[in-house]
$ cat final-v5.cif   # mmCIF, C-alpha atoms and all ligand atoms
data_work
loop_
_atom_site.label_atom_id
_atom_site.label_comp_id
_atom_site.auth_asym_id
_atom_site.auth_seq_id
_atom_site.Cartn_x
_atom_site.Cartn_y
_atom_site.Cartn_z
CA PRO D 1 181.34 30.26 -75.66
CA SER D 2 180.88 32.72 -78.46
CA LYS D 3 182.66 36.05 -78.44
CA THR D 4 180.88 37.66 -81.37
CA ALA D 5 178.57 40.67 -81.30
CA ILE D 6 175.44 41.25 -83.33
CA GLY D 7 173.00 44.09 -83.95
CA LEU D 8 169.28 43.40 -84.41
CA ASP D 9 166.72 45.52 -86.22
CA MET D 10 163.12 44.65 -85.36
CA GLY D 11 160.49 44.99 -88.03
CA ILE D 12 157.15 43.80 -89.33
CA SER D 13 157.67 41.98 -92.61
CA LYS D 14 161.02 40.75 -91.35
CA LEU D 15 160.76 40.09 -87.65
CA LEU D 16 164.51 40.51 -87.30
CA THR D 17 167.32 41.70 -89.52
CA THR D 18 170.84 41.10 -88.25
CA SER D 19 173.92 43.25 -88.76
CA ASN D 20 175.52 40.40 -90.69
CA GLY D 21 172.72 40.45 -93.21
CA GLN D 22 170.42 37.66 -92.09
CA TYR D 23 166.64 37.85 -91.92
CA ILE D 24 164.30 36.09 -89.56
CA LYS D 25 160.72 36.03 -90.74
CA PRO D 26 157.74 36.21 -88.45
CA LYS D 27 155.91 32.92 -87.96
CA ASN D 28 153.61 32.39 -90.92
CA SER D 29 150.81 30.40 -89.30
CA PHE D 30 150.30 33.50 -87.27
CA LYS D 31 148.59 35.44 -90.05
CA ALA D 32 146.24 32.59 -90.89
CA ASN D 33 145.20 32.41 -87.25
CA GLN D 34 144.52 36.11 -87.15
CA VAL D 35 142.10 35.80 -90.06
CA LYS D 36 140.41 32.92 -88.25
CA LEU D 37 140.25 34.98 -85.08
CA ALA D 38 138.65 37.92 -86.84
CA LYS D 39 136.04 35.57 -88.31
CA LEU D 40 135.21 34.12 -84.89
CA GLN D 41 134.94 37.59 -83.42
CA ARG D 42 132.58 38.75 -86.15
CA ARG D 43 130.38 35.74 -85.41
CA LEU D 44 130.44 36.55 -81.72
CA SER D 45 129.20 40.05 -82.39
CA ARG D 46 126.07 38.64 -84.05
CA LYS D 47 125.11 36.53 -81.02
CA VAL D 48 122.89 37.65 -78.18
CA LEU D 49 125.12 38.90 -75.39
CA PHE D 50 125.75 36.25 -72.66
CA SER D 51 123.47 33.72 -74.34
CA GLN D 52 124.53 30.04 -74.52
CA ASN D 53 125.64 30.48 -78.11
CA TRP D 54 127.56 33.61 -77.22
CA LYS D 55 129.38 31.75 -74.42
CA LYS D 56 130.19 28.86 -76.73
CA GLN D 57 131.58 31.23 -79.32
CA ASN D 58 133.51 33.13 -76.70
CA ARG D 59 135.20 29.91 -75.54
CA LYS D 60 136.30 29.22 -79.10
CA ILE D 61 137.90 32.65 -79.25
CA GLN D 62 139.71 32.17 -75.96
CA LYS D 63 141.03 28.82 -77.13
CA LEU D 64 142.35 30.31 -80.35
CA HIS D 65 143.91 33.20 -78.43
CA SER D 66 145.92 30.84 -76.26
CA HIS D 67 146.85 28.75 -79.31
CA ILE D 68 148.22 31.87 -81.04
CA ALA D 69 150.07 32.88 -77.88
CA ASN D 70 151.64 29.42 -77.61
CA ILE D 71 152.84 29.45 -81.20
CA ARG D 72 154.34 32.91 -80.74
CA HIS D 73 155.97 31.92 -77.48
CA ASP D 74 157.55 28.76 -78.88
CA TYR D 75 158.80 30.52 -81.96
CA LEU D 76 160.32 33.44 -80.06
CA HIS D 77 162.00 31.00 -77.67
CA LYS D 78 163.61 29.15 -80.58
CA ILE D 79 164.87 32.35 -82.19
CA THR D 80 166.15 33.97 -79.00
CA THR D 81 167.90 30.80 -77.80
CA ARG D 82 169.70 30.48 -81.12
CA ILE D 83 170.83 34.12 -81.14
CA SER D 84 171.82 34.09 -77.49
CA LYS D 85 173.89 30.91 -77.94
CA SER D 86 175.71 32.38 -80.93
CA HIS D 87 176.60 35.84 -79.65
CA ALA D 88 178.21 37.22 -76.52
CA MET D 89 176.91 40.74 -77.16
CA ILE D 90 173.55 41.58 -78.66
CA ALA D 91 172.49 45.13 -79.42
CA CYS D 92 168.86 46.00 -80.13
CA GLU D 93 166.63 49.04 -80.08
CA ASP D 94 165.27 50.23 -76.75
CA LEU D 95 161.54 49.79 -77.28
CA LYS D 96 160.67 52.13 -74.43
CA VAL D 97 162.53 54.92 -76.18
CA ALA D 98 161.13 53.95 -79.57
CA ASN D 99 157.64 54.24 -78.09
CA MET D 100 155.65 52.10 -80.44
CA SER D 101 152.43 54.00 -79.88
CA LYS D 102 154.09 57.17 -81.14
CA SER D 103 155.54 55.36 -84.10
CA ALA D 104 152.06 54.25 -85.11
CA SER D 105 151.17 57.85 -85.84
CA GLY D 106 154.33 58.20 -87.87
CA THR D 107 156.50 60.35 -85.61
CA VAL D 108 159.41 57.95 -85.22
CA GLU D 109 161.21 57.91 -88.54
CA ASN D 110 160.07 55.49 -91.20
CA LYS D 111 158.69 52.80 -88.95
CA GLY D 112 155.48 54.77 -88.63
CA ARG D 113 154.44 54.15 -92.19
CA GLN D 114 154.95 50.44 -91.83
CA VAL D 115 153.11 50.23 -88.57
CA LYS D 116 150.22 52.41 -89.67
CA ALA D 117 149.47 50.15 -92.61
CA LYS D 118 148.67 47.33 -90.25
CA SER D 119 145.44 46.89 -88.36
CA GLY D 120 145.27 47.67 -84.67
CA LEU D 121 145.06 44.03 -83.66
CA ASN D 122 147.99 43.06 -85.85
CA ARG D 123 150.05 45.89 -84.48
CA SER D 124 149.41 45.22 -80.82
CA ILE D 125 150.34 41.57 -81.30
CA LEU D 126 153.56 42.58 -83.00
CA ASP D 127 154.35 45.10 -80.30
CA GLN D 128 153.89 42.42 -77.72
CA GLY D 129 156.09 40.10 -79.73
CA TRP D 130 158.93 42.59 -79.89
CA GLY D 131 158.81 43.26 -76.15
CA MET D 132 158.68 39.56 -75.37
CA MET D 133 161.59 38.90 -77.69
CA VAL D 134 163.75 41.55 -76.02
CA ASN D 135 162.89 40.17 -72.56
CA MET D 136 163.83 36.65 -73.62
CA LEU D 137 167.11 37.84 -75.10
CA GLU D 138 167.85 39.76 -71.93
CA TYR D 139 167.49 36.88 -69.50
CA LYS D 140 169.04 34.33 -71.83
CA GLN D 141 172.11 36.55 -72.17
CA GLN D 142 172.24 36.86 -68.39
CA TRP D 143 172.13 33.06 -68.02
CA ARG D 144 175.03 32.65 -70.38
CA GLY D 145 177.08 35.55 -69.09
CA GLY D 146 176.53 37.52 -72.26
CA LEU D 147 175.23 41.05 -72.73
CA LEU D 148 172.14 42.63 -74.17
CA ILE D 149 172.52 46.32 -74.86
CA LYS D 150 169.46 48.42 -75.63
CA VAL D 151 170.32 51.46 -77.70
CA ASN D 152 168.46 54.63 -78.54
CA PRO D 153 166.65 53.91 -81.81
CA ARG D 154 166.86 57.51 -82.94
CA TYR D 155 168.48 57.92 -86.39
CA THR D 156 169.39 54.24 -86.69
CA SER D 157 167.48 54.09 -89.97
CA GLN D 158 168.72 57.44 -91.33
CA THR D 159 172.43 57.06 -90.53
CA CYS D 160 174.88 55.71 -93.09
CA SER D 161 176.63 52.69 -91.55
CA GLU D 162 179.72 53.44 -93.68
CA CYS D 163 180.32 57.18 -93.20
CA GLN D 164 177.88 57.97 -90.34
CA HIS D 165 176.21 60.76 -92.31
CA ILE D 166 172.68 61.36 -91.00
CA ALA D 167 170.00 62.50 -93.44
CA LYS D 168 166.34 61.79 -94.10
CA GLU D 169 167.20 61.72 -97.80
CA ASN D 170 169.38 58.64 -97.24
CA ARG D 171 166.19 56.69 -96.98
CA GLN D 172 164.26 57.12 -100.22
CA THR D 173 162.08 54.03 -99.89
CA GLN D 174 161.18 51.60 -97.14
CA SER D 175 163.69 49.00 -98.25
CA LYS D 176 166.53 50.95 -99.89
CA PHE D 177 169.26 52.88 -98.19
CA GLU D 178 171.37 55.18 -100.34
CA CYS D 179 173.79 57.57 -98.65
CA VAL D 180 173.63 61.05 -100.19
CA LYS D 181 177.19 61.75 -99.03
CA CYS D 182 179.28 58.65 -99.76
CA ASP D 183 176.90 56.85 -102.14
CA HIS D 184 176.86 53.72 -99.98
CA LYS D 185 173.94 51.51 -101.01
CA ALA D 186 172.43 48.85 -98.79
CA ASN D 187 169.26 47.21 -97.70
CA ALA D 188 167.71 49.65 -95.23
CA ASP D 189 167.15 47.06 -92.49
CA ILE D 190 170.69 45.71 -92.68
CA ASN D 191 172.05 49.26 -92.58
CA ALA D 192 169.94 49.94 -89.47
CA ALA D 193 171.08 46.71 -87.81
CA LYS D 194 174.72 47.73 -88.39
CA ASN D 195 174.06 51.12 -86.79
CA ILE D 196 172.42 49.42 -83.83
CA LEU D 197 175.51 47.24 -83.41
CA SER D 198 177.82 50.30 -83.56
CA ALA D 199 175.67 52.08 -80.98
CA GLY D 200 175.95 48.99 -78.76
CA HIS D 201 179.74 49.03 -79.09
CA ALA D 202 179.73 52.75 -78.23
CA VAL D 203 177.77 52.09 -75.03
CA LEU D 204 180.20 49.32 -74.09
CA SER D 205 183.39 51.30 -74.70
CA ALA D 206 182.01 54.35 -72.88
CA GLU D 207 181.21 52.16 -69.88
CA GLY D 208 184.60 50.48 -70.03
CA GLY D 209 186.29 53.88 -69.98
CA CYS D 210 184.71 55.06 -66.73
CA SER D 211 183.76 51.94 -64.85
CA LYS D 212 184.92 53.09 -61.40
CA GLY D 213 182.54 54.25 -58.72
CA ARG D 214 178.99 54.31 -59.94
CA PRO D 215 176.96 51.18 -60.48
CA LEU D 216 176.93 49.86 -64.04
CA LYS D 217 173.18 49.83 -64.33
CA GLN D 218 172.75 53.49 -63.62
CA LYS D 219 175.42 54.46 -66.09
CA THR D 220 173.99 52.34 -68.85
CA SER D 221 170.79 54.34 -68.74
CA ASP D 222 172.68 57.65 -68.69
CA LEU D 223 174.79 56.64 -71.61
CA ARG D 224 171.91 55.39 -73.67
CA GLU D 225 170.75 58.96 -73.94
CA LYS D 226 174.02 60.00 -75.52
CA VAL D 227 174.13 57.19 -78.05
CA ALA D 228 171.74 58.55 -80.61
ZN ZN Q 1 177.67 57.39 -96.28
#

$ encode --input "final-v5.cif" --output "structure tokens" --more "lines below"
Ligand SMILES: [Zn+2]
Amino acid sequence: PSKTAIGLDMGISKLLTTSNGQYIKPKNSFKANQVKLAKLQRRLSRKVLFSQNWKKQNRKIQKLHSHIANIRHDYLHKITTRISKSHAMIACEDLKVANMSKSASGTVENKGRQVKAKSGLNRSILDQGWGMMVNMLEYKQQWRGGLLIKVNPRYTSQTCSECQHIAKENRQTQSKFECVKCDHKANADINAAKNILSAGHAVLSAEGGCSKGRPLKQKTSDLREKVA
């Protein structure tokens, strides 16, 4: 079994960026199906409500919905199985803390801009995908005796993974990270994934240092607050 650890940054154009610099793209057929879905839905809106033609059209939409869901499901299973098999410890952002609805209005760091650019439908599907992905990773790690650690996503995109300096100015564009203190340059997503991995390690070592008495689960949630 693997003993390595990895940090994952979840995004839109790249579904996942890993702390060792790999990208996993979202499934492409997905976009094409969304265009098709929008077309079917526009047609539905022109039909007389609950008429035979409306029902026929509605069935087509339902069929496409389940087709899209199946593709997403299969793809996420493939990705999460591969990652889970290769790494004993996986660190990712805690989506509950990230609060994707807040990020859509641009309050959570830079992700807001990305999310806002996308349509509501697109976004909700992606949100669902992220949550599903984290759930899959969680139970697959449990099966294999590995760990999934959810860390506070705050500052993961503004912190320098080399010198830990936190500044908004470190992030001049969506894709570039340039530390104003130590001049470290990196792809912004890879930098974030590295920070997520470090935060995961911090949670682990803090738990290891005071593991007597209280149940692990309770402490994990306490500690998550401290790992910013
Ligand atoms: Zn730095």

$ atom_distance --input "final-v5.cif" --atom1 "CA of Lys194 (chain D)" --atom2 "CA of His73 (chain D)"
26.8 Å

$ closest_residue --input "final-v5.cif" --among "D:Ala38, D:Met133, D:Gly146, D:Lys60" --to "Tyr75 (chain D)" --atoms "all atoms listed in the file"
D:Met133

$ closest_atom_pairs --input "final-v5.cif" --of "chain D" --to "ligand ZN 1 (chain Q)" --cutoff "8 Å" --atoms "all atoms listed in the file" --output "tab-separated table"
residue	atom	partner	partner_atom	distance
D:Thr159	CA	Q:ZN1	ZN	7.8
D:Cys160	CA	Q:ZN1	ZN	4.6
D:Ser161	CA	Q:ZN1	ZN	6.7
D:Glu162	CA	Q:ZN1	ZN	5.2
D:Cys163	CA	Q:ZN1	ZN	4.1
D:Gln164	CA	Q:ZN1	ZN	6.0
D:His165	CA	Q:ZN1	ZN	5.4
D:Glu178	CA	Q:ZN1	ZN	7.8
D:Cys179	CA	Q:ZN1	ZN	4.6
D:Val180	CA	Q:ZN1	ZN	6.7
D:Lys181	CA	Q:ZN1	ZN	5.2
D:Cys182	CA	Q:ZN1	ZN	4.0
D:Asp183	CA	Q:ZN1	ZN	5.9
D:His184	CA	Q:ZN1	ZN	5.3

$ atom_distance --input "final-v5.cif" --atom1 "CA of Ile149 (chain D)" --atom2 "CA of Ile6 (chain D)"
10.3 Å

$ closest_residue --input "final-v5.cif" --among "D:Ile196, D:Leu44, D:Leu8, D:Ile90" --to "Asn152 (chain D)" --atoms "all atoms listed in the file"
D:Ile196

$ residues_around --input "final-v5.cif" --residues "region 86-88 of chain D" --least-positions-apart "5" --cutoff "6 Å" --atoms "only C-alpha atoms" --output "ChimeraX atom specification"
/D:2-5,146

$ atom_distance --input "final-v5.cif" --atom1 "CA of Ala188 (chain D)" --atom2 "CA of Ile166 (chain D)"
13.4 Å

$ residues_around --input "final-v5.cif" --residues "Arg43 (chain D)" --least-positions-apart "3" --cutoff "12 Å" --atoms "all atoms listed in the file" --output "CSV table (one decimal) with C-alpha atoms, keeping the file's coordinate frame"
chain,number,residue,atom,x,y,z
D,36,LYS,CA,140.4,32.9,-88.2
D,37,LEU,CA,140.2,35.0,-85.1
D,38,ALA,CA,138.6,37.9,-86.8
D,39,LYS,CA,136.0,35.6,-88.3
D,40,LEU,CA,135.2,34.1,-84.9
D,46,ARG,CA,126.1,38.6,-84.0
D,47,LYS,CA,125.1,36.5,-81.0
D,48,VAL,CA,122.9,37.6,-78.2
D,49,LEU,CA,125.1,38.9,-75.4
D,53,ASN,CA,125.6,30.5,-78.1
D,54,TRP,CA,127.6,33.6,-77.2
D,55,LYS,CA,129.4,31.8,-74.4
D,56,LYS,CA,130.2,28.9,-76.7
D,57,GLN,CA,131.6,31.2,-79.3
D,58,ASN,CA,133.5,33.1,-76.7
D,60,LYS,CA,136.3,29.2,-79.1
D,61,ILE,CA,137.9,32.6,-79.2

$ closest_residue --input "final-v5.cif" --among "D:Gln141, D:Ser205, D:Asn187, D:Thr173" --to "Asp9 (chain D)" --atoms "all atoms listed in the file"
D:Asn187

$ closest_residue --input "final-v5.cif" --among "D:Ala192, D:Cys92, D:Ala32, D:Ile79" --to "Leu64 (chain D)" --atoms "only C-alpha atoms"
D:Ala32

$ closest_residue --input "final-v5.cif" --among "D:Leu137, D:Leu197, D:Met10, D:Leu147" --to "Lys78 (chain D)" --atoms "all atoms listed in the file"
D:Leu137

$ residues_around --input "final-v5.cif" --residues "Lys140 (chain D)" --least-positions-apart "3" --cutoff "9 Å" --atoms "only C-alpha atoms" --output "list in words"
Thr80, Thr81, Ser84, Lys85, Asn135, Met136, Leu137, Trp143, Arg144, Gly145 and Gly146 of chain D
